[in-house]
Amino acid sequence: MNLKNPKYILIGIITFAIIFLMNYVGNDAPDKLSRALLTASAAVIGLGVGMWIYHKRGRNNERDNFD
């Protein structure tokens, strides 16, 4: 899996923007900027790990060839 692919970068940027805005706009706490940045960063990292695991799982098709 090539994480430098523009498709994956675009998905990460869109995810970051949506999660950041959801946390920043709806929060009244005094540290809302740092919380929104941390939550959005964690979401993008989690999405990247999930895509990597899904890609690794899709390559290993040893059990599907039972014919």
# chains A, B, ... in the order shown; residues from 1 in each chain; ligands from 1
call {"tool": "residues_around", "arguments": {"residues": "Ile45 of chain A", "least_positions_apart": "6", "cutoff": "10 Å", "atoms": "only C-alpha atoms", "output": "PyMOL selection string"}}
result
chain A and resi 12+16+39+51
call {"tool": "closest_residue", "arguments": {"among": "A:Ile19, A:Gly48, A:Ser34, A:Ala42", "to": "Lys4 of chain A", "atoms": "only C-alpha atoms"}}
result
A:Gly48
call {"tool": "residues_around", "arguments": {"residues": "Leu47 of chain A", "least_positions_apart": "4", "cutoff": "10 Å", "atoms": "only C-alpha atoms", "output": "compact mmCIF listing (two decimals) with C-alpha atoms, in the first residue's frame"}}
result
# COMPACT_ATOMS: atom_id res chain seq x y z
CA TYR A 8 -5.12 8.28 0.37
CA ILE A 11 -9.11 10.91 2.13
CA GLY A 12 -6.89 11.83 5.09
CA THR A 15 -11.29 13.20 7.32
CA SER A 41 -4.98 13.86 14.19
CA ALA A 42 -5.88 10.68 16.06
CA ALA A 43 -8.73 10.04 13.61
CA MET A 51 -6.56 1.09 5.69
CA TRP A 52 -3.17 -0.58 6.11
CA ILE A 53 -4.71 -3.57 7.93
call {"tool": "residues_around", "arguments": {"residues": "Phe20 of chain A", "least_positions_apart": "4", "cutoff": "6 Å", "atoms": "only C-alpha atoms", "output": "number ranges by chain"}}
result
A: 16, 24, 36, 40
call {"tool": "select_by_dssp", "arguments": {"residues": "chain A", "states": "helix (DSSP H, G or I)", "output": "number ranges by chain"}}
result
A: 6-25, 32-59
call {"tool": "write_last_selection", "arguments": {"atoms": "C-alpha atoms", "output": "mmCIF file, in the first residue's frame"}}
result
data_model
loop_
_atom_site.group_PDB
_atom_site.id
_atom_site.type_symbol
_atom_site.label_atom_id
_atom_site.label_comp_id
_atom_site.auth_asym_id
_atom_site.auth_seq_id
_atom_site.Cartn_x
_atom_site.Cartn_y
_atom_site.Cartn_z
ATOM 1 C CA PRO A 6 -2.966 11.134 -3.826
ATOM 2 C CA LYS A 7 -6.182 9.197 -3.178
ATOM 3 C CA TYR A 8 -5.116 8.282 0.369
ATOM 4 C CA ILE A 9 -3.810 11.775 1.068
ATOM 5 C CA LEU A 10 -7.110 13.299 -0.063
ATOM 6 C CA ILE A 11 -9.110 10.910 2.130
ATOM 7 C CA GLY A 12 -6.893 11.828 5.092
ATOM 8 C CA ILE A 13 -7.281 15.577 4.509
ATOM 9 C CA ILE A 14 -11.061 15.332 4.170
ATOM 10 C CA THR A 15 -11.289 13.195 7.319
ATOM 11 C CA PHE A 16 -9.104 15.646 9.242
ATOM 12 C CA ALA A 17 -11.185 18.627 8.143
ATOM 13 C CA ILE A 18 -14.524 17.030 9.011
ATOM 14 C CA ILE A 19 -13.446 15.759 12.440
ATOM 15 C CA PHE A 20 -11.674 19.037 13.257
ATOM 16 C CA LEU A 21 -14.693 21.150 12.379
ATOM 17 C CA MET A 22 -17.077 18.859 14.257
ATOM 18 C CA ASN A 23 -14.974 19.217 17.404
ATOM 19 C CA TYR A 24 -14.096 22.903 17.054
ATOM 20 C CA VAL A 25 -17.507 24.340 16.218
ATOM 21 C CA LYS A 32 -11.119 23.691 22.084
ATOM 22 C CA LEU A 33 -8.369 24.238 19.479
ATOM 23 C CA SER A 34 -5.946 21.765 21.033
ATOM 24 C CA ARG A 35 -8.693 19.197 21.614
ATOM 25 C CA ALA A 36 -9.936 19.490 18.038
ATOM 26 C CA LEU A 37 -6.414 19.171 16.604
ATOM 27 C CA LEU A 38 -5.605 16.162 18.767
ATOM 28 C CA THR A 39 -8.874 14.384 17.992
ATOM 29 C CA ALA A 40 -8.606 15.018 14.248
ATOM 30 C CA SER A 41 -4.980 13.857 14.186
ATOM 31 C CA ALA A 42 -5.877 10.679 16.055
ATOM 32 C CA ALA A 43 -8.731 10.042 13.611
ATOM 33 C CA VAL A 44 -6.434 10.341 10.588
ATOM 34 C CA ILE A 45 -3.822 8.060 12.197
ATOM 35 C CA GLY A 46 -6.523 5.508 13.039
ATOM 36 C CA LEU A 47 -7.871 5.677 9.506
ATOM 37 C CA GLY A 48 -4.380 5.097 8.119
ATOM 38 C CA VAL A 49 -3.820 2.081 10.355
ATOM 39 C CA GLY A 50 -7.232 0.695 9.419
ATOM 40 C CA MET A 51 -6.560 1.092 5.689
ATOM 41 C CA TRP A 52 -3.166 -0.581 6.107
ATOM 42 C CA ILE A 53 -4.708 -3.567 7.931
ATOM 43 C CA TYR A 54 -7.481 -3.829 5.330
ATOM 44 C CA HIS A 55 -4.891 -3.772 2.533
ATOM 45 C CA LYS A 56 -2.800 -6.474 4.224
ATOM 46 C CA ARG A 57 -5.904 -8.623 4.720
ATOM 47 C CA GLY A 58 -6.942 -8.304 1.068
ATOM 48 C CA ARG A 59 -3.585 -9.504 -0.237
#
call {"tool": "decode", "arguments": {"residues": "segment 8-33 of chain A", "atoms": "N, CA and C atoms", "output": "CSV table (one decimal), in the first residue's frame"}}
result
chain,number,residue,atom,x,y,z
A,8,TYR,N,-5.2,8.4,-1.1
A,8,TYR,CA,-5.1,8.3,0.4
A,8,TYR,C,-4.9,9.6,1.1
A,9,ILE,N,-4.1,10.5,0.5
A,9,ILE,CA,-3.8,11.8,1.1
A,9,ILE,C,-5.1,12.6,1.1
A,10,LEU,N,-5.9,12.6,0.0
A,10,LEU,CA,-7.1,13.3,-0.1
A,10,LEU,C,-8.1,12.8,1.0
A,11,ILE,N,-8.2,11.5,1.1
A,11,ILE,CA,-9.1,10.9,2.1
A,11,ILE,C,-8.7,11.4,3.5
A,12,GLY,N,-7.4,11.4,3.8
A,12,GLY,CA,-6.9,11.8,5.1
A,12,GLY,C,-7.2,13.3,5.4
A,13,ILE,N,-7.0,14.1,4.3
A,13,ILE,CA,-7.3,15.6,4.5
A,13,ILE,C,-8.8,15.8,4.7
A,14,ILE,N,-9.6,15.2,4.0
A,14,ILE,CA,-11.1,15.3,4.2
A,14,ILE,C,-11.5,14.9,5.6
A,15,THR,N,-11.0,13.7,6.0
A,15,THR,CA,-11.3,13.2,7.3
A,15,THR,C,-10.8,14.2,8.4
A,16,PHE,N,-9.6,14.7,8.3
A,16,PHE,CA,-9.1,15.6,9.2
A,16,PHE,C,-10.0,16.9,9.3
A,17,ALA,N,-10.4,17.4,8.2
A,17,ALA,CA,-11.2,18.6,8.1
A,17,ALA,C,-12.6,18.4,8.8
A,18,ILE,N,-13.2,17.3,8.5
A,18,ILE,CA,-14.5,17.0,9.0
A,18,ILE,C,-14.5,16.8,10.5
A,19,ILE,N,-13.5,16.0,11.0
A,19,ILE,CA,-13.4,15.8,12.4
A,19,ILE,C,-13.0,17.0,13.2
A,20,PHE,N,-12.1,17.8,12.6
A,20,PHE,CA,-11.7,19.0,13.3
A,20,PHE,C,-12.8,20.0,13.4
A,21,LEU,N,-13.6,20.2,12.3
A,21,LEU,CA,-14.7,21.1,12.4
A,21,LEU,C,-15.8,20.7,13.3
A,22,MET,N,-16.1,19.4,13.3
A,22,MET,CA,-17.1,18.9,14.3
A,22,MET,C,-16.7,19.1,15.7
A,23,ASN,N,-15.4,19.0,16.0
A,23,ASN,CA,-15.0,19.2,17.4
A,23,ASN,C,-14.8,20.7,17.7
A,24,TYR,N,-14.4,21.5,16.8
A,24,TYR,CA,-14.1,22.9,17.1
A,24,TYR,C,-15.4,23.7,17.1
A,25,VAL,N,-16.3,23.5,16.3
A,25,VAL,CA,-17.5,24.3,16.2
A,25,VAL,C,-18.4,24.0,17.4
A,26,GLY,N,-18.5,22.8,17.8
A,26,GLY,CA,-19.5,22.4,18.8
A,26,GLY,C,-18.9,22.4,20.2
A,27,ASN,N,-17.7,23.0,20.4
A,27,ASN,CA,-17.1,22.9,21.7
A,27,ASN,C,-17.0,24.3,22.4
A,28,ASP,N,-17.4,24.4,23.7
A,28,ASP,CA,-17.3,25.6,24.4
A,28,ASP,C,-16.1,25.7,25.4
A,29,ALA,N,-15.3,24.7,25.4
A,29,ALA,CA,-14.2,24.6,26.4
A,29,ALA,C,-13.1,25.6,26.0
A,30,PRO,N,-12.4,26.1,26.9
A,30,PRO,CA,-11.3,27.1,26.6
A,30,PRO,C,-10.2,26.5,25.8
A,31,ASP,N,-10.0,25.2,25.8
A,31,ASP,CA,-8.9,24.5,25.0
A,31,ASP,C,-9.5,23.8,23.8
A,32,LYS,N,-10.5,24.4,23.2
A,32,LYS,CA,-11.1,23.7,22.1
A,32,LYS,C,-10.2,23.5,20.9
A,33,LEU,N,-9.3,24.4,20.6
A,33,LEU,CA,-8.4,24.2,19.5
A,33,LEU,C,-7.5,23.0,19.6
